[in-house]
Every structure is written in structure tokens, then in C-alpha cells.
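*Asks:* Mind having a look at this structure? Questions to follow.
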2 protein chains.
Amino acid sequence: MSVHLDHLLSDNAKALKKSAIRELLKLTAKPEIISFAGGLPNPKTFPIEDVKRISDEVLESQGEKILQYSTTEGDHEFREVLCSWLGEEGIKVKPENVQITTASQQGLDLVSRVFLNPGDTCIVGLPTYLGFLQATNSVRAKPVGIPLDDQGIKTDIIEDEIDRLISEQKKPKFIYVIPDFQNPAGVTISLDRRKKLIEIAKKYEILIVEDSPYRKLRYSGKTLPTIYSLDDSGEHVITLFTFSKIFLPGFRLGWMIGSKDIIEKIVMAKQGMDLCTPIFNQTIAKEYIKQDLIKARIEKNIDMYSKRKDIMLESLEKYMPKIEGLTWTKPEGGLFLWVTLPEAMNADRMFYNAIEQNVAYVVGSAFFCNGKGQNTMRLNFSYPSEEQIRTGIQRLANVVENDWKKIEQGNMNNTPLTP
Amino acid sequence: MSVHLDHLLSDNAKALKKSAIRELLKLTAKPEIISFAGGLPNPKTFPIEDVKRISDEVLESQGEKILQYSTTEGDHEFREVLCSWLGEEGIKVKPENVQITTASQQGLDLVSRVFLNPGDTCIVGLPTYLGFLQATNSVRAKPVGIPLDDQGIKTDIIEDEIDRLISEQKKPKFIYVIPDFQNPAGVTISLDRRKKLIEIAKKYEILIVEDSPYRKLRYSGKTLPTIYSLDDSGEHVITLFTFSKIFLPGFRLGWMIGSKDIIEKIVMAKQGMDLCTPIFNQTIAKEYIKQDLIKARIEKNIDMYSKRKDIMLESLEKYMPKIEGLTWTKPEGGLFLWVTLPEAMNADRMFYNAIEQNVAYVVGSAFFCNGKGQNTMRLNFSYPSEEQIRTGIQRLANVVENDWKKIEQGNMNNTPLTP
């Protein structure tokens, strides 16, 4: 008489898998381990005093309003404030083009639910953000991978891939990209390729989903326009933003922009999902922008992270063995860099050696949806301290060197990861 | 070259409709209108000073932690606190049985996504909560209605209905109920029927989804055990709770309980939806319970709402015309009561007359998924002031009386609602 869950679960739920990464991350939680595995902003950047002051102010002046239910679209004045902030960098939108989200992950979920049927395809640069793969997996859609190079997603092969998919009756619904300092690879899509993406979207009458969590965290080089602002049609791009990396993640606050028609559908979908995003949190973030604090905050984040990124690059340069095929990206912003090992090496397997040496990374294969990437890893430089970065990279370099030596000596075959 | 959204939308998104209620509610926003249409808690019940003080305390003592990302399941200590609070009324659960949600609507969305394929059925008492119908609609599932009486859902006919559905290869996945002071009807499921529901769930190996937003707001009568606590198997019931009605809605905080296996699936699903519910908000609610403030707060809510419920009942008694077939429920708790008009009357059509007379309600038909309920309406008594309740019911009584007179005079046929 007991419940057989398998008879009751939806097909989508049956397809949900425990995140392998989540299980691996549990191994990295010991205090002696220096972890480059997380993707967390540094808590030292959180403006605790400002949050406290603003929280007091808004509770005092408008407590009854901000502790009540709110509209699904999000607070109207908040959306206006965001529009004028976006306007400063040439993105022209009105409140009707803006949906406040319970952070970017909800934006990814909304996009997946609103556009993807089971079996539907979308184009994605590989490696790509794990949370996007989770969102598409939850509707059993099939992301189709396109390789990246140091200019971002290889737009020259997208059209062939779309033509191939069309010939199989699997025309993609959209192209998903993280144009600036991509997670996990740290690369940025060049201006030409941004334009090319718009061209492709227009040609095939599909959408671009532009995920933009790191855009404001640029440490060097010139800011490139968003893909959204390059689309003169105003209807081919949906862009997701979040406060998680520039203000704080614990509020779960983000916003997405798109054509009025798209946002209308998004609002309908969100209404059944959580009715509205906490207006209390919205109001504090709104005031933080209105009081002109966010720009200085972003500057401080840039100072801290940029320095840590440099230290990580210096340490890699200094400690990593000189092996052919061992390279890493040199990101102009964001939180991550991406290490590629020689083809013969396996970062999935090496992970356990790293843990033994008290250093952790994320296995790069987690960011692929095609079973590849076993010789890659993602390193985060925003969370660990400067000293931890130096020590941790030294440890990691030793792990890599020992692994390589064993491979050279033929003592280790390239076996796949066993959990 | 423009985007044809219809080619891009998922089948689920195509099925999303603009909420008729939402459009009607817009008409009720004028200040001269006394609205019984909302479902809002009274903002005078919000503990603004306590929220301010606790917010300051927790930002000071653990700001870096509570502004950071958190776990998908929800803060562990918060779940422990909820377990011991639930324990006080005989619900035995461990943190592994608890999922923190971005309020109850997310719980309904999770349940819909995890259990319902397009076309799948579930059993639901009618009228029922609109947000549940929205959540099931977003996965194109088909709720099957069972009538209510003053003891709640008519359990004596559920089995026949399930047998019928099984014979059509449409066995329902679960039975959805709001056992205490149901929204919208205000009725409570009797103890016998609660037990019967468990019996049915066991017999057919299906689940009960027990939505419990109002449980703590009991104004008279004896508290009945939750269906969850009546299930000795510990695996047939999922119960959803929320802070929206007993603390504040603007935090978007709720929790759901179920067997370990079910919660594990729920966690996987939620991870792709919003990663986690704001830990900042979780921590404030946790402290509010730990500081033993929630019980006194609930008492105050009960005082205020119970008085307003009585005033509404008195006013209905005093002002409503004595017409055969005009009745209303006398709820023992919650926020709503339910008016049934004679069959010949149409509350959908009468709504516009009411608006003209500066009083508003929700058309009862919105809470049906079978096209019925045109002669019903939902009245909210938590939000309007005592004076507004007296005046508003007087206005509504005039509207009803005039409408009835016209019907008696044969001047008005029972035409359906035109928007």
C-alpha cells in the first residue's frame, strides 16, 4: 500500500538528476581545503551597513506597502529605476519591457518553460553555465553545443548547425549566450560576433537569450555593447540581469528585459510560479540604486576581484608546470578562469588527488552537455583570499605536475571518473 | 523578418491565459470602491517594528552569511525551528522532510511540475484556489472537480470519480485540498472526511496535497488535526504552509513537508527554478519564531479578523434581501466567506453593477475549472476596515436586491459575462 513514486512523477521530474557537482562540492567543504570550486561573490563586498540603514528607512516610511503582496511584473518604480540605469549604457527599454525575477535562475527557468517543449533544441556555446543546463533539463529540452574560442561562441559554424537541425525538424528556439566573461570559460564575445548573432537570429526568426550576470565586473579592455542594444528590431533578444554579483546574492533579485509581447507571456508564466518577487528586497535594491551607491559598490568589487584575478594568473604562470597543451584563459572580467589540460589528462579523475592535496576546482565536464571537457577545469578567484589563491594554485600545480609525470611514465591510464 | 512568437512558444506557454480575475481586479482599484475582492492580509497586522529590529540584529551578527547564496532546501536551522513548531501540534517531521519555498505558490508550482504531465488529472474540491488552477494550467494538467458542502470536499463521491477516471486511463496523481477555511468557500473539512481522504489515498496509491495557508487563523470551533498527521504511512501527504497570512506576504516565504523521497525530488526541481529562497528573509522569519513572537502575532491577527468576519456576517444578515437560495458560509477562520445567489442570478454579470455602486467582490466562477459557479461570489473580510465592511455590504445588498427585482420582473435574462 506504499506510494510508488515512479508511477506518480511527471516525465520531467523523472528526468531530473541529482547534480554530480553538488555531490562533489560537498567534498570541498572541509576547512583545510582551499576551494576554487565555488562561484560565490566575496562576502566582504556586501554593503551590510547600507542594507541595514536602507532597510530601516524603508520599513519606517513604507513598511505596510513593502511587506504586502506586490505585482507579478515587479514594483513599477523599481522597473523605472532599472530602465534609466540601463539607459546610461544605451539600452532603451520601458517598464513594460522589464520583468523582475527571483534572481537570474528564475529567468532561465522562465525562458525554458515559455519557449521549450520536451525535445526542443536551443543553441549554446560550450562549456556553458550549469544552471542553464539544469533549467533546460527540467523541461527535457536538448541544448546543442557550439564550441567557444577566445572570441566567444564560434558564430561561423552556428548557421550550419541550425541548417542541420532544421533538416531534422529540430529548429532551435533560441541561442543562449553569456557574452561577457562567460561562466565557466571567462571569455567575452567580440563585437563582430555579437552583430553576427543578431544577423542569425533575424535570418532564422529565432531569439537570443543573453545572460548577463558579470557584465559590470570588467577589469580591463573596453566595454562592448549588449546584444540587446545591437538589435534594432527590439524583439530578438531577451537579456537577463542579476544583483547577485554586483550587490548581494542573498536577496535573490534579478531582472529580465525583452519585447513587450515576450514580457507579457513571461508575466503570465511567473504568476503561477511565485506570484511575485519579494517587494521588501526589491525596495532595498531600488533605494540602493536611487541613492547612487551601486556604482561605487561595483568599483570596489572590481578592485578586489581584479587584483585576485591578477594574483591567480601570476601564480599559474609561476607554479604551473610547462607542459604542452596546458593553457588557461585570461578573462577581462567576471569571477572565473578556465584551465585546459593536455588531452591525455583527466580533470574528473584528478579531482580526488586535488582534494587529497587540500585544493578544489570544478571539473570542466560539468559544463558540457555532450560528454566532453574531461581535460578542463573552472577556477574561481572571487571568493578565496589573495593568500589562499597563491597557496592553492601552488598546490594545484603540484597535483597537475604529479599527474602528468605518472601519465608520462605510463602508470596511469585515462580512466573515466568513478563516483 | 519579425519574430512570430507563436512559432517559438512552448505548448505550455501557448496555453497560458491572461487571468480574467486580474483584469477585473484592475476595475476595483479606484479609491471610492470598497473592495471585498482582494485576498490580502491586513497591513495593520504586519510587525514592522519587530522586522526592523530583527533585521538590524541579524545583519549585524551574521550579515555576511545571510546576504550570500544559500542551500536549495533552505537554511538548516530554520527547518529545525519549523519542525519543532510543527511538533507542537503533533506533526512529526525532520529537516529532511522540509523544503523552504518562495511562498506557497511556489509549492503549488513544484507539486504541479513534479507530478503532472500534460493531460494528467488531479482531484480538486470546487470551488478551489485560483493559484492552484494557474499552476496546473501552466503544465496543461486537468483538475477534476468534486463539489464541496459544509463539511468540505464530498469524499463519498471521490472514489466513484477516481474509478471513472481509471476506466478512462486518467488515474489522478493526487487530491488537492485546502482543509481549513478553504479559499474561496471558507469551509473546513471534517475529521471523518480527513480520515477518509487518507483511506482513499492509500487505496489508490496516490497522494494528498494539503494546502494549509489559513490553518492558524481559527476564530471559533476546535482545531482539527492536519491530514499530514493523520497519515500513519508518512508518505501519502504533502502539506504546504506559508508565512503570508500569519507574518507577512512581502517576504515570499513558505515551506512544504513530505516524505524524504518526495522532498528530494522537490529539491532537485527547485534548484533549476531559483536556486534558493532568500536566506535574508528566512533568517528574519526564523528569529521571529525563535524569539517567540509569532504566537502573539497570530493571536492579534485572529482578534482583528474574527471581529471583521463577525461584522460581515452581521451586515449580511441585516442588509441582504430575504431571497430563497441566497446563502453564505459562516467560516470558523481564514479570510473569506462565500455567497451563493439563487440559480437565476449571475454574479459575473452583476459585478459591473456592483462596481458602479462602488463595491467589489471576486466572481465565484473564477474558482471553478468546469465553467460553473456563475451564481457565486467570494468576499474577503481581512483587508477592509470594520466601517468599510458595514457600508460595503449595505451597497452589495442593494445591488443584489435590484438585480433580483429585475429578474423577478423578467427584465433581465441570465446572460453570460461579456468582458
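Ordered as shown in the C-alpha cells, chains take letters A, B, and onward, while each chain numbers its residues from 1 and ligands are numbered from 1 in the order shown.
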Would you give me, as a compact mmCIF listing (two decimals) with N, CA and C atoms, in the first residue's frame, the residues of chain A that come within 6 Å of chain B, using only C-alpha atoms?

*Replies:*
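The resulting file, out20.txt, is reproduced below:
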# COMPACT_ATOMS: atom_id res chain seq x y z
N MET A 1 0.83 -1.21 0.00
CA MET A 1 0.00 0.00 0.00
C MET A 1 0.87 1.26 0.00
N VAL A 3 3.47 4.22 -1.42
CA VAL A 3 3.45 5.02 -2.63
C VAL A 3 4.61 4.63 -3.53
N LEU A 8 3.96 8.10 -10.04
CA LEU A 8 3.32 9.40 -9.82
C LEU A 8 4.10 10.57 -10.42
N LEU A 9 5.40 10.40 -10.56
CA LEU A 9 6.22 11.52 -11.03
C LEU A 9 5.91 11.87 -12.49
N SER A 10 6.02 13.14 -12.80
CA SER A 10 5.89 13.58 -14.18
C SER A 10 7.13 13.12 -14.96
N ALA A 13 9.98 15.30 -14.14
CA ALA A 13 10.58 15.03 -12.83
C ALA A 13 11.44 13.77 -12.87
N PRO A 43 31.98 37.73 0.32
CA PRO A 43 31.06 38.40 1.26
C PRO A 43 31.60 39.72 1.79
N LYS A 52 21.44 47.73 6.06
CA LYS A 52 20.80 47.94 7.36
C LYS A 52 20.11 49.31 7.41
N ASP A 56 16.04 49.93 7.42
CA ASP A 56 15.36 50.70 8.46
C ASP A 56 14.53 51.83 7.85
N GLU A 64 4.12 49.18 5.52
CA GLU A 64 2.89 48.46 5.17
C GLU A 64 2.87 48.06 3.71
N LEU A 67 5.80 45.15 2.89
CA LEU A 67 5.65 43.82 3.49
C LEU A 67 4.39 43.13 2.95
N GLN A 68 3.71 43.78 2.03
CA GLN A 68 2.48 43.25 1.43
C GLN A 68 2.79 42.50 0.14
N TYR A 69 1.79 41.82 -0.40
CA TYR A 69 1.90 41.26 -1.75
C TYR A 69 2.20 42.39 -2.73
N GLN A 105 18.37 32.77 -12.05
CA GLN A 105 17.99 31.37 -12.27
C GLN A 105 16.51 31.29 -12.62
N GLN A 106 15.69 32.13 -12.01
CA GLN A 106 14.28 32.13 -12.38
C GLN A 106 14.09 32.62 -13.81
N ASP A 109 14.72 29.68 -15.91
CA ASP A 109 13.59 28.76 -15.80
C ASP A 109 12.41 29.29 -16.63
N VAL A 114 8.79 28.90 -21.10
CA VAL A 114 7.97 29.65 -22.06
C VAL A 114 8.31 29.27 -23.50
N PHE A 115 9.52 28.79 -23.75
CA PHE A 115 9.89 28.53 -25.14
C PHE A 115 10.16 27.06 -25.48
N LEU A 116 10.42 26.22 -24.49
CA LEU A 116 10.91 24.89 -24.84
C LEU A 116 9.92 23.77 -24.50
N ASN A 117 9.54 23.01 -25.50
CA ASN A 117 8.83 21.75 -25.30
C ASN A 117 9.85 20.64 -25.06
N GLN A 134 20.58 22.91 -16.20
CA GLN A 134 19.57 22.39 -15.27
C GLN A 134 18.17 22.85 -15.67
N ALA A 135 18.06 24.14 -16.02
CA ALA A 135 16.74 24.68 -16.37
C ALA A 135 16.19 23.99 -17.62
N LYS A 173 14.96 27.02 -30.83
CA LYS A 173 14.10 28.14 -30.47
C LYS A 173 14.92 29.41 -30.21
N GLU A 205 14.63 33.81 -37.72
CA GLU A 205 13.46 34.19 -36.90
C GLU A 205 13.44 33.44 -35.57
N LEU A 248 24.26 41.80 -3.86
CA LEU A 248 24.33 40.63 -2.98
C LEU A 248 23.43 39.53 -3.51
N PRO A 249 23.85 38.26 -3.31
CA PRO A 249 23.07 37.15 -3.85
C PRO A 249 21.90 36.74 -2.96
N GLY A 250 22.00 37.03 -1.65
CA GLY A 250 21.04 36.50 -0.69
C GLY A 250 19.66 37.11 -0.79
N PHE A 251 19.51 38.17 -1.60
CA PHE A 251 18.19 38.77 -1.82
C PHE A 251 17.44 38.05 -2.94
N ARG A 252 18.15 37.27 -3.74
CA ARG A 252 17.54 36.60 -4.91
C ARG A 252 16.79 37.61 -5.77
N GLY A 272 1.96 32.02 -11.96
CA GLY A 272 1.70 30.71 -11.39
C GLY A 272 2.90 30.11 -10.68
N MET A 273 4.06 30.75 -10.81
CA MET A 273 5.29 30.21 -10.22
C MET A 273 5.57 30.69 -8.81
N ASP A 274 5.44 32.01 -8.59
CA ASP A 274 5.63 32.51 -7.22
C ASP A 274 4.90 33.83 -6.97
N PRO A 278 9.89 39.09 -3.76
CA PRO A 278 9.71 39.90 -2.54
C PRO A 278 9.87 41.40 -2.78
N ILE A 279 8.82 42.16 -2.50
CA ILE A 279 8.91 43.61 -2.73
C ILE A 279 9.80 44.28 -1.68

*Asks:* From a DSSP calculation on the backbone, collect every residue of region 323-418 of chain A in strand (DSSP E or B) and output the set as a PyMOL selection string.

*Replies:* chain A and resi 327-328+333+336-340+359-360+362-363+376-380

*Asks:* May I ask which of the residues A:Ser229, A:Asn370, A:Gln182, A:Thr242 is the closest one to Leu82 (chain A), counting only C-alpha atoms?

*Replies:*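 Residue with the minimum atom-to-atom distance to Leu82 (chain A): A:Thr242.
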
*Asks:* So that I can check the surroundings of Lys92 (chain A), please list as a compact mmCIF listing (two decimals) with N, CA and C atoms, in the first residue's frame every protein, DNA and RNA residue that reaches within 10 Å of it, counting only C-alpha atoms and ignoring chain neighbours fewer than 6 positions away.

*Replies:*
# COMPACT_ATOMS: atom_id res chain seq x y z
N CYS A 83 15.29 50.89 -15.78
CA CYS A 83 15.29 51.39 -17.17
C CYS A 83 16.26 52.55 -17.31
N SER A 84 16.25 53.47 -16.35
CA SER A 84 17.13 54.62 -16.56
C SER A 84 18.58 54.22 -16.33
N TRP A 85 18.82 53.26 -15.46
CA TRP A 85 20.19 52.75 -15.28
C TRP A 85 20.68 52.06 -16.57
N LEU A 86 19.83 51.26 -17.15
CA LEU A 86 20.19 50.60 -18.41
C LEU A 86 20.37 51.64 -19.52
N TYR A 228 21.45 42.97 -26.79
CA TYR A 228 20.12 43.61 -26.78
C TYR A 228 20.15 44.96 -27.49
N SER A 229 21.16 45.76 -27.16
CA SER A 229 21.19 47.11 -27.73
C SER A 229 21.61 47.10 -29.20
N GLY A 234 14.37 45.18 -31.81
CA GLY A 234 13.81 45.24 -30.46
C GLY A 234 13.01 44.01 -30.06

*Asks:* Give me the residues near Ile238 (chain A) as a list in words, where near means some atom within 7 Å (using only C-alpha atoms) and where sequence neighbours in that chain fewer than 5 positions away do not count.

*Replies:*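 Once the nearby chain positions are removed, what remains is Ile208, Val209, Glu210, Met256, Ile257 and Gly258 of chain A.
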
*Asks:* Taking the chain letters and numbering used in this document, name the residues of region 73-241 of chain A that DSSP puts in helix (DSSP H, G or I), as a PyMOL selection string.

*Replies:* chain A and resi 76-87+95-97+103-115+130-137+155-167+191-204+227-230

*Asks:* For CA of Pro95 (chain B) and CA of Ala37 (chain A), quote the distance in Å rounded to one decimal.

*Replies:*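 Computing the Euclidean distance for CA of Pro95 (chain B) and CA of Ala37 (chain A) yields 26.6 Å.
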
*Asks:* I'd like the contact shell of Asp149 (chain A) - 10 Å cut-off, only C-alpha atoms, skipping same-chain residues fewer than 2 positions apart - returned as a PDB file with N, CA and C atoms, in the first residue's frame.

*Replies:*
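Saved to selection-v4.pdb:
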ATOM      1  N   GLY A 125      26.766  27.871 -26.433  1.00  0.00           N
ATOM      2  CA  GLY A 125      28.224  27.753 -26.502  1.00  0.00           C
ATOM      3  C   GLY A 125      28.705  26.797 -25.432  1.00  0.00           C
ATOM      4  N   LEU A 126      29.677  25.976 -25.755  1.00  0.00           N
ATOM      5  CA  LEU A 126      30.189  25.023 -24.758  1.00  0.00           C
ATOM      6  C   LEU A 126      31.644  25.304 -24.447  1.00  0.00           C
ATOM      7  N   PRO A 147      31.268  25.049 -30.104  1.00  0.00           N
ATOM      8  CA  PRO A 147      32.492  25.378 -29.347  1.00  0.00           C
ATOM      9  C   PRO A 147      32.723  26.886 -29.204  1.00  0.00           C
ATOM     10  N   GLN A 151      37.240  34.408 -28.751  1.00  0.00           N
ATOM     11  CA  GLN A 151      36.287  35.461 -29.126  1.00  0.00           C
ATOM     12  C   GLN A 151      34.859  35.076 -28.749  1.00  0.00           C
ATOM     13  N   GLY A 152      34.724  33.994 -27.993  1.00  0.00           N
ATOM     14  CA  GLY A 152      33.379  33.544 -27.605  1.00  0.00           C
ATOM     15  C   GLY A 152      32.848  32.482 -28.542  1.00  0.00           C
ATOM     16  N   ILE A 153      31.542  32.338 -28.545  1.00  0.00           N
ATOM     17  CA  ILE A 153      30.899  31.276 -29.316  1.00  0.00           C
ATOM     18  C   ILE A 153      31.275  31.410 -30.801  1.00  0.00           C
ATOM     19  N   LYS A 154      31.587  30.283 -31.447  1.00  0.00           N
ATOM     20  CA  LYS A 154      32.068  30.317 -32.830  1.00  0.00           C
ATOM     21  C   LYS A 154      30.873  30.499 -33.773  1.00  0.00           C
ATOM     22  N   ALA A 185      33.992  29.766 -18.839  1.00  0.00           N
ATOM     23  CA  ALA A 185      35.273  29.886 -19.544  1.00  0.00           C
ATOM     24  C   ALA A 185      35.943  31.257 -19.380  1.00  0.00           C
ATOM     25  N   VAL A 187      35.550  33.843 -21.195  1.00  0.00           N
ATOM     26  CA  VAL A 187      35.762  34.563 -22.452  1.00  0.00           C
ATOM     27  C   VAL A 187      34.605  35.519 -22.761  1.00  0.00           C
ATOM     28  N   THR A 188      34.885  36.497 -23.618  1.00  0.00           N
ATOM     29  CA  THR A 188      33.930  37.538 -23.979  1.00  0.00           C
ATOM     30  C   THR A 188      33.676  37.476 -25.477  1.00  0.00           C
ATOM     31  N   ILE A 189      32.414  37.609 -25.854  1.00  0.00           N
ATOM     32  CA  ILE A 189      32.071  37.553 -27.281  1.00  0.00           C
ATOM     33  C   ILE A 189      32.437  38.883 -27.939  1.00  0.00           C
ATOM     34  N   THR A 329      42.556  30.632 -19.667  1.00  0.00           N
ATOM     35  CA  THR A 329      42.060  31.896 -20.214  1.00  0.00           C
ATOM     36  C   THR A 329      42.510  33.052 -19.342  1.00  0.00           C
TER      37      THR A 329
END

*Asks:* What's the separation between CA of Val399 (chain A) and CA of Asn353 (chain A), in Å to one decimal place?

*Replies:*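 One can read the CA of Val399 (chain A) to CA of Asn353 (chain A) distance as 6.7 Å.
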
*Asks:* Rounded to one decimal, what separation in Å do you get between CA of Ser190 (chain B) and CA of Gly334 (chain B)?

*Replies:*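 So the answer is 15.7 Å.
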
*Asks:* List the spatial neighbours of region 388-396 of chain A as a PyMOL selection string - criterion: any atom at most 6 Å away, only C-alpha atoms, same-chain residues fewer than 5 positions off excluded.

*Replies:* chain A and resi 34+315+319+359

*Asks:* Need to verify the contact set: Lys170 (chain A), 10 Å, only C-alpha atoms, exclusion of same-chain residues closer than 2 positions in sequence. Can you return it as a list in words?

*Replies:*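 With the cut-off at 10 Å, the set is Gly119, Asp120, Thr121, Cys122, Lys142, Ile162, Asp163, Arg164, Leu165, Ile166, Ser167, Glu168, Pro172 and Lys173 of chain A.
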